[in-house]
Structure formats: C-alpha cells, structure tokens
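Novice: Structure: run22.tsv, TSV, C-alpha atoms.
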```tsv
chain	number	residue	atom	x	y	z
A	284	MET	CA	-26.10	-2.72	13.13
A	285	ARG	CA	-26.11	-2.95	16.91
A	286	PHE	CA	-23.21	-1.54	18.93
A	287	GLU	CA	-21.88	-3.10	22.10
A	288	TYR	CA	-20.46	-0.60	24.58
A	289	SER	CA	-19.66	0.15	28.18
A	290	VAL	CA	-20.10	3.42	30.07
A	291	LYS	CA	-17.61	4.96	32.47
A	292	ASN	CA	-17.64	8.52	33.81
A	293	ASN	CA	-20.59	9.25	31.51
A	294	GLU	CA	-18.55	8.33	28.42
A	295	ALA	CA	-19.24	5.40	26.08
A	296	VAL	CA	-16.55	2.99	24.92
A	297	ILE	CA	-17.43	0.88	21.85
A	298	THR	CA	-16.45	-2.73	22.56
A	299	GLY	CA	-17.86	-4.39	19.44
A	300	GLY	CA	-21.01	-4.87	17.44
A	301	SER	CA	-23.21	-7.23	15.50
A	302	ASP	CA	-24.81	-7.25	12.05
A	303	ILE	CA	-21.89	-5.22	10.72
A	304	GLY	CA	-22.16	-4.62	6.98
A	305	THR	CA	-19.62	-3.24	4.55
A	306	SER	CA	-19.70	0.31	5.96
A	307	LEU	CA	-19.17	1.08	9.66
A	308	VAL	CA	-20.02	4.53	11.03
A	309	ILE	CA	-19.20	5.02	14.71
A	310	PRO	CA	-21.83	7.35	16.25
A	311	GLU	CA	-21.00	10.41	18.35
A	312	MET	CA	-23.67	9.49	20.87
A	313	LEU	CA	-25.20	6.25	22.13
A	314	ASP	CA	-28.35	6.45	24.24
A	315	GLY	CA	-27.52	10.05	25.15
A	316	VAL	CA	-23.92	9.24	26.13
A	317	LYS	CA	-20.92	10.66	24.22
A	318	VAL	CA	-18.77	8.07	22.46
A	319	THR	CA	-15.11	8.76	23.27
A	320	ALA	CA	-13.27	5.49	22.56
A	321	VAL	CA	-13.14	2.28	20.55
A	322	GLU	CA	-11.92	-0.63	22.66
A	323	ARG	CA	-8.94	-2.81	21.67
A	324	LYS	CA	-9.86	-5.59	19.22
A	325	ALA	CA	-13.42	-4.21	19.01
A	326	PHE	CA	-13.79	-5.00	15.31
A	327	LEU	CA	-10.90	-7.42	14.85
A	328	GLY	CA	-11.18	-9.61	11.76
A	329	ILE	CA	-14.47	-8.32	10.30
A	330	LYS	CA	-13.96	-9.73	6.80
A	331	GLY	CA	-16.75	-7.88	4.97
A	332	LEU	CA	-15.87	-4.41	6.21
A	333	ARG	CA	-14.91	-1.97	3.43
A	334	SER	CA	-15.10	1.48	5.03
A	335	VAL	CA	-14.94	2.97	8.53
A	336	THR	CA	-15.87	6.45	9.74
A	337	VAL	CA	-14.88	7.57	13.25
A	338	PRO	CA	-16.23	10.87	14.66
A	339	GLU	CA	-14.13	13.61	16.25
A	340	SER	CA	-15.60	12.77	19.64
A	341	VAL	CA	-13.53	9.56	19.70
A	342	ASN	CA	-10.12	10.35	21.17
A	343	SER	CA	-8.82	6.80	21.57
A	344	ILE	CA	-8.81	3.80	19.22
A	345	GLY	CA	-7.41	0.75	21.00
A	346	ASP	CA	-4.78	-1.75	19.90
A	347	TRP	CA	-5.82	-3.90	16.92
A	348	ALA	CA	-9.30	-2.36	16.89
A	349	PHE	CA	-9.67	-2.96	13.13
A	350	ALA	CA	-6.82	-5.43	12.58
A	351	GLN	CA	-7.24	-8.22	10.02
A	352	CYS	CA	-10.18	-6.51	8.32
A	353	ILE	CA	-8.74	-7.78	5.06
A	354	HIS	CA	-11.17	-5.97	2.73
A	355	LEU	CA	-11.03	-2.59	4.46
A	356	ARG	CA	-10.20	0.11	1.90
A	357	GLU	CA	-11.17	3.51	3.30
A	358	VAL	CA	-10.98	4.98	6.80
A	359	SER	CA	-11.94	8.50	7.88
A	360	ILE	CA	-11.12	9.70	11.39
A	361	GLY	CA	-12.42	13.01	12.70
A	362	GLY	CA	-10.01	15.45	14.30
A	363	ALA	CA	-6.24	15.19	14.61
A	364	GLY	CA	-4.60	11.82	14.16
A	365	ALA	CA	-1.69	11.92	16.57
A	366	GLY	CA	-2.39	10.24	19.87
A	367	LYS	CA	-5.64	8.57	18.84
A	368	LEU	CA	-4.29	5.27	17.57
A	369	GLY	CA	-3.01	2.35	19.60
A	370	LYS	CA	-0.72	-0.40	18.31
A	371	GLY	CA	-1.57	-2.31	15.18
A	372	VAL	CA	-4.99	-0.70	14.78
A	373	PHE	CA	-5.00	-1.61	11.07
A	374	GLU	CA	-2.54	-4.50	11.13
A	375	GLY	CA	-3.27	-6.97	8.34
A	376	CYS	CA	-5.52	-4.52	6.45
A	377	THR	CA	-3.62	-5.18	3.23
A	378	ARG	CA	-6.14	-3.48	0.93
A	379	LEU	CA	-6.22	-0.15	2.76
A	380	GLU	CA	-6.03	2.65	0.17
A	381	SER	CA	-6.99	5.81	2.06
A	382	LEU	CA	-6.58	6.76	5.72
A	383	HIS	CA	-7.97	10.25	6.28
A	384	PHE	CA	-7.62	12.45	9.34
A	385	ASP	CA	-9.35	15.84	9.39
A	386	SER	CA	-5.98	17.40	10.18
A	387	ASN	CA	-4.35	16.02	7.01
A	388	ALA	CA	-3.00	18.81	4.84
A	389	ASP	CA	-4.07	17.31	1.51
A	390	ALA	CA	-5.48	14.24	-0.23
A	391	ASP	CA	-1.97	12.90	-0.95
A	392	SER	CA	-1.39	12.34	2.75
A	393	ASP	CA	-4.51	10.13	2.94
A	394	VAL	CA	-2.84	7.73	0.53
A	395	MET	CA	0.57	8.03	2.13
A	396	ALA	CA	-0.85	7.33	5.59
A	397	ALA	CA	-2.52	4.16	4.28
A	398	MET	CA	0.79	2.99	2.84
A	399	THR	CA	2.45	3.10	6.28
A	400	VAL	CA	0.12	0.33	7.45
A	401	HIS	CA	0.97	-2.58	5.15
A	402	ARG	CA	3.59	-1.42	2.65
A	403	LEU	CA	6.11	0.89	4.28
A	404	GLU	CA	6.28	-0.80	7.69
A	405	ALA	CA	6.25	2.61	9.37
A	406	GLU	CA	3.05	2.56	11.39
A	407	TYR	CA	4.71	4.90	13.91
A	408	LEU	CA	4.12	7.71	11.41
A	409	LEU	CA	0.38	7.50	12.16
A	410	ARG	CA	1.09	8.62	15.72
A	411	ASP	CA	3.42	11.42	14.65
A	412	PRO	CA	2.15	14.90	15.67
A	413	ASP	CA	3.41	16.22	12.32
A	414	LEU	CA	1.06	13.93	10.36
A	415	GLY	CA	0.10	15.51	7.04
A	416	THR	CA	2.67	18.31	7.21
A	417	GLU	CA	5.76	18.87	5.07
A	418	ASN	CA	7.95	17.59	7.89
A	419	TRP	CA	5.88	14.39	8.03
A	420	TYR	CA	6.39	13.82	4.32
A	421	ARG	CA	10.14	14.15	4.85
A	422	LYS	CA	9.96	11.39	7.46
A	423	TRP	CA	7.84	9.25	5.12
A	424	ASP	CA	10.34	9.69	2.29
A	425	LEU	CA	13.24	8.86	4.59
A	426	ALA	CA	11.48	5.65	5.63
A	427	LEU	CA	11.07	4.66	1.98
A	428	ALA	CA	14.68	5.56	1.16
A	429	ASN	CA	15.81	3.33	4.05
A	430	LEU	CA	13.57	0.52	2.77
A	431	LEU	CA	15.04	0.79	-0.73
A	432	ALA	CA	18.54	0.51	0.75
A	433	ARG	CA	17.66	-2.58	2.79
A	434	ASP	CA	18.89	-5.98	1.63
A	435	ASP	CA	16.07	-7.73	-0.23
A	436	MET	CA	16.79	-10.96	1.64
A	437	GLU	CA	16.33	-9.34	5.04
A	438	GLY	CA	13.48	-11.03	6.83
A	439	TYR	CA	13.49	-14.08	4.57
A	440	SER	CA	15.06	-16.45	7.09
A	441	ASP	CA	12.36	-15.65	9.66
A	442	ARG	CA	9.63	-16.51	7.18
A	443	ALA	CA	11.35	-19.54	5.67
A	444	LEU	CA	12.62	-21.19	8.83
A	445	CYS	CA	9.23	-21.63	10.50
A	446	GLY	CA	10.97	-23.01	13.56
A	447	GLU	CA	13.71	-24.92	11.73
A	448	GLU	CA	17.39	-24.23	12.25
A	449	ASP	CA	18.83	-25.03	8.84
A	450	ILE	CA	17.83	-23.77	5.43
A	451	SER	CA	19.28	-23.41	1.97
A	452	TYR	CA	19.07	-20.15	0.08
A	453	ASP	CA	20.54	-21.22	-3.24
A	454	GLY	CA	17.48	-23.04	-4.58
A	455	ILE	CA	19.57	-26.15	-5.22
A	456	GLY	CA	20.04	-28.08	-2.02
A	457	SER	CA	16.65	-27.58	-0.40
A	458	VAL	CA	16.76	-28.03	3.36
A	459	ASP	CA	13.85	-28.27	5.78
A	460	GLY	CA	11.12	-27.27	3.40
A	461	GLU	CA	12.63	-24.58	1.18
A	462	LEU	CA	11.48	-25.05	-2.40
A	463	PRO	CA	13.80	-24.36	-5.37
A	464	GLY	CA	13.40	-20.78	-6.47
A	465	GLU	CA	11.63	-19.79	-3.25
A	466	SER	CA	14.25	-17.23	-2.27
A	467	ALA	CA	14.18	-15.71	-5.77
A	468	SER	CA	10.41	-15.32	-5.50
A	469	TYR	CA	10.85	-13.63	-2.13
A	470	ILE	CA	13.27	-11.11	-3.65
A	471	ILE	CA	10.81	-10.30	-6.45
A	472	GLU	CA	8.07	-9.85	-3.86
A	473	GLN	CA	10.25	-7.39	-1.93
A	474	ASN	CA	11.23	-5.53	-5.12
A	475	LYS	CA	7.59	-5.23	-6.17
A	476	ASN	CA	6.63	-3.76	-2.83
A	477	LYS	CA	9.40	-1.18	-3.13
A	478	CYS	CA	8.37	-0.36	-6.70
A	479	TYR	CA	4.75	-0.04	-5.59
A	480	LEU	CA	5.72	2.51	-2.94
A	481	CYS	CA	7.91	4.47	-5.38
A	482	LEU	CA	5.08	4.64	-7.90
A	483	VAL	CA	2.51	5.69	-5.31
A	484	ARG	CA	4.81	8.38	-3.92
A	485	LEU	CA	5.58	9.79	-7.36
A	486	MET	CA	1.87	9.79	-8.19
A	487	ASN	CA	1.08	11.57	-4.90
A	488	ALA	CA	3.99	13.97	-4.98
A	489	GLY	CA	3.09	16.50	-2.31
A	490	PHE	CA	6.24	18.04	-0.75
A	491	LEU	CA	8.44	15.61	-2.73
A	492	ASP	CA	11.83	17.25	-3.27
A	493	LYS	CA	13.74	16.77	-6.53
A	494	ASP	CA	16.62	14.69	-5.17
A	495	THR	CA	14.34	12.27	-3.34
A	496	GLY	CA	12.10	11.95	-6.39
A	497	THR	CA	15.17	11.15	-8.48
A	498	LEU	CA	16.13	8.39	-6.03
A	499	PHE	CA	12.70	6.76	-6.38
A	500	LYS	CA	12.78	7.10	-10.18
A	501	LYS	CA	16.21	5.45	-10.37
A	502	TYR	CA	14.90	2.48	-8.42
A	503	LEU	CA	12.03	2.07	-10.88
A	504	LYS	CA	14.41	2.32	-13.84
A	505	ARG	CA	16.57	-0.47	-12.42
A	506	HIS	CA	13.49	-2.71	-12.33
A	507	ALA	CA	11.87	-1.75	-15.63
A	508	LYS	CA	11.05	-4.06	-18.52
A	509	GLY	CA	14.25	-5.74	-19.69
A	510	CYS	CA	16.14	-4.88	-16.49
A	511	GLY	CA	16.79	-7.54	-13.88
A	512	ASN	CA	13.58	-9.07	-12.52
A	513	GLU	CA	11.32	-6.39	-14.08
A	514	SER	CA	9.55	-5.79	-10.75
A	515	ALA	CA	8.44	-2.26	-11.67
A	516	TRP	CA	6.75	-3.50	-14.84
A	517	LEU	CA	5.18	-6.42	-12.96
A	518	THR	CA	3.80	-3.99	-10.37
A	519	VAL	CA	2.21	-1.81	-13.03
A	520	LYS	CA	0.78	-4.84	-14.85
A	521	GLU	CA	-0.52	-6.64	-11.77
A	522	ASP	CA	-1.26	-4.04	-9.09
A	523	PHE	CA	-2.20	-1.02	-11.23
A	524	LYS	CA	-3.80	-2.77	-14.20
A	525	ASP	CA	-7.04	-0.83	-13.68
A	526	ASN	CA	-5.38	2.59	-13.42
A	527	ILE	CA	-3.82	3.70	-16.69
A	528	GLU	CA	-2.31	6.76	-15.00
A	529	TYR	CA	0.25	4.54	-13.30
A	530	LEU	CA	1.29	3.06	-16.64
A	531	LYS	CA	1.73	6.59	-17.99
A	532	LEU	CA	3.86	7.48	-14.97
A	533	PHE	CA	5.90	4.31	-15.39
A	534	ILE	CA	6.53	5.12	-19.08
A	535	ASP	CA	7.47	8.70	-18.27
A	536	VAL	CA	9.96	7.61	-15.59
A	537	THR	CA	11.57	4.61	-17.30
A	538	GLU	CA	11.57	5.97	-20.89
A	539	PRO	CA	11.43	2.54	-22.60
A	540	ASP	CA	12.70	2.15	-26.15
A	541	SER	CA	10.60	0.65	-28.96
A	542	ASP	CA	11.79	-2.89	-28.27
A	543	ALA	CA	10.87	-2.63	-24.58
A	544	ILE	CA	7.44	-1.29	-25.49
A	545	LYS	CA	6.89	-4.20	-27.88
A	546	ASP	CA	7.90	-6.63	-25.13
A	547	MET	CA	5.38	-5.00	-22.79
A	548	ILE	CA	2.66	-5.26	-25.44
A	549	ALA	CA	3.41	-8.96	-25.85
A	550	ASP	CA	3.38	-9.40	-22.07
A	551	ALA	CA	0.17	-7.44	-21.48
A	552	GLY	CA	-2.03	-10.44	-22.25
A	553	ASN	CA	-5.74	-9.59	-22.08
A	554	LEU	CA	-5.29	-6.28	-20.27
A	555	ALA	CA	-7.09	-4.34	-22.99
A	556	GLU	CA	-6.69	-0.73	-21.77
A	557	LEU	CA	-3.06	-1.16	-20.85
A	558	LYS	CA	-2.28	-2.92	-24.12
A	559	ALA	CA	-4.13	-0.31	-26.20
A	560	TYR	CA	-2.16	2.51	-24.61
A	561	LEU	CA	1.14	0.75	-25.30
A	562	ILE	CA	0.17	0.04	-28.89
A	563	GLY	CA	-0.75	3.68	-29.37
A	564	LEU	CA	2.53	4.75	-27.80
A	565	ASN	CA	4.47	2.43	-30.07
A	566	ALA	CA	2.55	3.76	-33.07
A	567	ASP	CA	3.63	7.29	-32.17
A	568	ASN	CA	7.23	6.10	-32.02
A	569	ALA	CA	7.28	3.79	-35.01
A	570	GLY	CA	4.77	5.32	-37.43
A	571	VAL	CA	1.62	3.88	-38.98
A	572	GLU	CA	3.30	0.81	-40.45
A	573	GLY	CA	4.67	-0.17	-37.04
A	574	PHE	CA	1.24	0.36	-35.52
A	575	PHE	CA	-0.35	-2.28	-37.73
A	576	ASP	CA	2.55	-4.63	-37.05
A	577	ASP	CA	1.89	-4.33	-33.33
A	578	LEU	CA	-1.80	-5.10	-33.75
A	579	LEU	CA	-0.80	-8.57	-34.90
A	580	LEU	CA	0.90	-9.31	-31.55
```
Any chance you could put this one into structure tokens?
Specialist:
Amino acid sequence: MRFEYSVKNNEAVITGGSDIGTSLVIPEMLDGVKVTAVERKAFLGIKGLRSVTVPESVNSIGDWAFAQCIHLREVSIGGAGAGKLGKGVFEGCTRLESLHFDSNADADSDVMAAMTVHRLEAEYLLRDPDLGTENWYRKWDLALANLLARDDMEGYSDRALCGEEDISYDGIGSVDGELPGESASYIIEQNKNKCYLCLVRLMNAGFLDKDTGTLFKKYLKRHAKGCGNESAWLTVKEDFKDNIEYLKLFIDVTEPDSDAIKDMIADAGNLAELKAYLIGLNADNAGVEGFFDDLLL
C-alpha cells in the first residue's frame, strides 16, 4: 500500500493511504522520517480492513482514525495505551475482538479492552493510565455491573423516535412508525449484549473477584433456557456457536436440568458441534437409553 503523510518538525503524520488490504502495518519510518502520529479520520470506513499494527513510535492516534472499519478484528499498539487514543478511534468497529497494548498485563485485557469499544460503552477505559492492571479490571467490572443494573428500555426512545414526538411502547397502538413487538425485540437485544459481556468476562477472568463473578453468573442464570427471554442461551447459540468453550461455561454457570438440556438440543438446529455436546451431556445425565432417545430429536 501507499501511505499519505505530512511532515512537521521532522516527524511524519500519517493522513491516509491507498491500496489498503486486509492487514495494515503502520511503519516506524517513512522516507527517513520517524512516524509519530496517525491523523484523525485517516483510515475511516475502510471496509476490508481486518487487522492493524501501530508501532511504539506513534504517540498519537487521532479522533475516529479507524472508525467504521466494520470488519476490523485485531489491533496491536506498541507501547503504553493511555494518552495515545483520541475520541472514537474505533467507533463502529463492531467485530473488534482483541485490542492489544504492549503495556497490557495479560491476554485477558486484550479482549476486555476490545469490549469497551462496542459492547460496554466505556471507551474512556482505553485512555485510563491503569489500563491492563488490577485496578483497571475493577473499573471494567464496575462499568459492567452498572450496565446490568440499567433499565433495558433506556435509550430505546432515542432510537425509535427518529425525530418524532410520540411513540407507543406497548406494541399494540403503534404510533409514528413503531412496529408491534419492536420494544420487546429491543429489550432482548439489550439483554443479549449484557449476557455476551458476562460470558466474555467469566471466560477471561483475570482479577475477577468472587462477589463480582457471582453477580455476572446470576444475570446469566436469570436469562438461561426456560427463563424469561432466554437471552443467555440465545447469545451462546448465535454469537458463540463456533466456540464450544462458551457453551461449556454457560452449562457450568446455569446448571440446566435434563428438560432444559433437551429443549436446547431441540433448539440447536444444524449447529452440529453444539448439539453433539448437549446430546453427550444429556447422555451422561440420563444414561444410554436417554442418549438414543435424544438422537431422534
């Protein structure tokens, strides 16, 4: 690819580029000049971008530099994280899975940092000088606990109104564009996001204290198969269908009975690995005869 840049005080600022593929590696030097910054909106909306590597020489990444890169999954930034990032650097990067800073204490914090971008709504944690430390995890967990306590309908009116003044929330008397059941779908969406975060935190449990872990587990149990809107089960089935470890975690936390396991088997559809694990689990619980019964589902 070809980088576009400007030079000031013998330092290069990346302003954009062309012929960008799936992997972007910012160089430390350009034409003998040290690269120290990425300009605001430099790579805004690059749809094909999947990974970004930024060297330690870069000490400033401008506002929205990689925003709306909707397929971006992995980012690695050299040096300490605090102070490098502007506002909304990764805004809209909804597939971001790992955000690594060299100063991060462990691999868990790479995942947790990525979650602050599009799941936890706590981007400020990326500019926290404690990033990756035990104290930072405490702040992360507090942010999730506050999110769990928040009313699931909060924020719905802003999305549903779209400039209108009146709206119905009961799904019966639709006003100004609200569709029946729309608010219920919004609640499930919010519940799933909360369940997703609880599962990810329990899977990446660095510095997670017992009481906080219990809080997250209780939330998952309240949204397990057969409970309310089953958002925790839906999250496992839809968002973690390719990672059996999350199903195992979900089973361990929610402790489903045989009937719930059978319901999950019936609901697993063509998800072969997930279904096979549940059938095997049910066989352990019900014996060989029950195992062959489940195969007929």
Novice: What is the atom CA of A:Leu557-atom CA of A:Asp435 distance in Å, reported with one decimal?
Specialist: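 These two atoms are separated by 28.9 Å.
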Novice: Show which residues sit within 6 Å of stretch 298-307 of chain A, as an MDAnalysis selection string. Count all atoms listed in the file, and ignore same-chain residues fewer than 2 positions away.
Specialist: chainID A and resid 284:288 322 325:326 331:335
Novice: Between A:Phe523, A:Phe349, A:Tyr469, A:Tyr560, single out the one closest to A:Asp434, counting all atoms listed in the file.
Specialist: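 Distance minimum relative to A:Asp434 lands on A:Tyr469.
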Novice: When you count only C-alpha atoms, which of these residues is closest to A:Tyr479: A:Ser466, A:Phe384, A:Leu403, A:Gly552?
Specialist: A:Leu403
Novice: For A:Ile297, which residue among A:Glu465, A:Glu311, A:Glu472, A:Glu374 is the nearest when counting all atoms listed in the file?
Specialist: A:Glu311
Novice: When you draw a straight line from atom CA of A:Lys545 to atom CA of A:Lys558, how long is it in Å?
Specialist: 10.0 Å
Novice: Quick one: residues within 12 Å of A:Pro412, only C-alpha atoms counted, chain neighbours fewer than 2 positions away excluded, as a list in words?
Specialist: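 My reading of the contact set: Ala363, Gly364, Ala365, Gly366, Lys367, Leu368, Phe384, Ser386, Asn387, Tyr407, Leu408, Leu409, Arg410, Leu414, Gly415, Thr416, Glu417, Asn418, Trp419 and Lys422 of chain A.
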Novice: What is the atom CA of A:Ile534 to atom CA of A:Thr377 distance in Å?
Specialist: 26.6 Å
Novice: Compile the contact shell of A:Gly511 as number ranges by chain: residues with an atom at most 12 Å away, counting all atoms listed in the file, same-chain residues fewer than 5 positions apart removed.
Specialist: A: 467, 470-471, 474, 502-506, 516-517
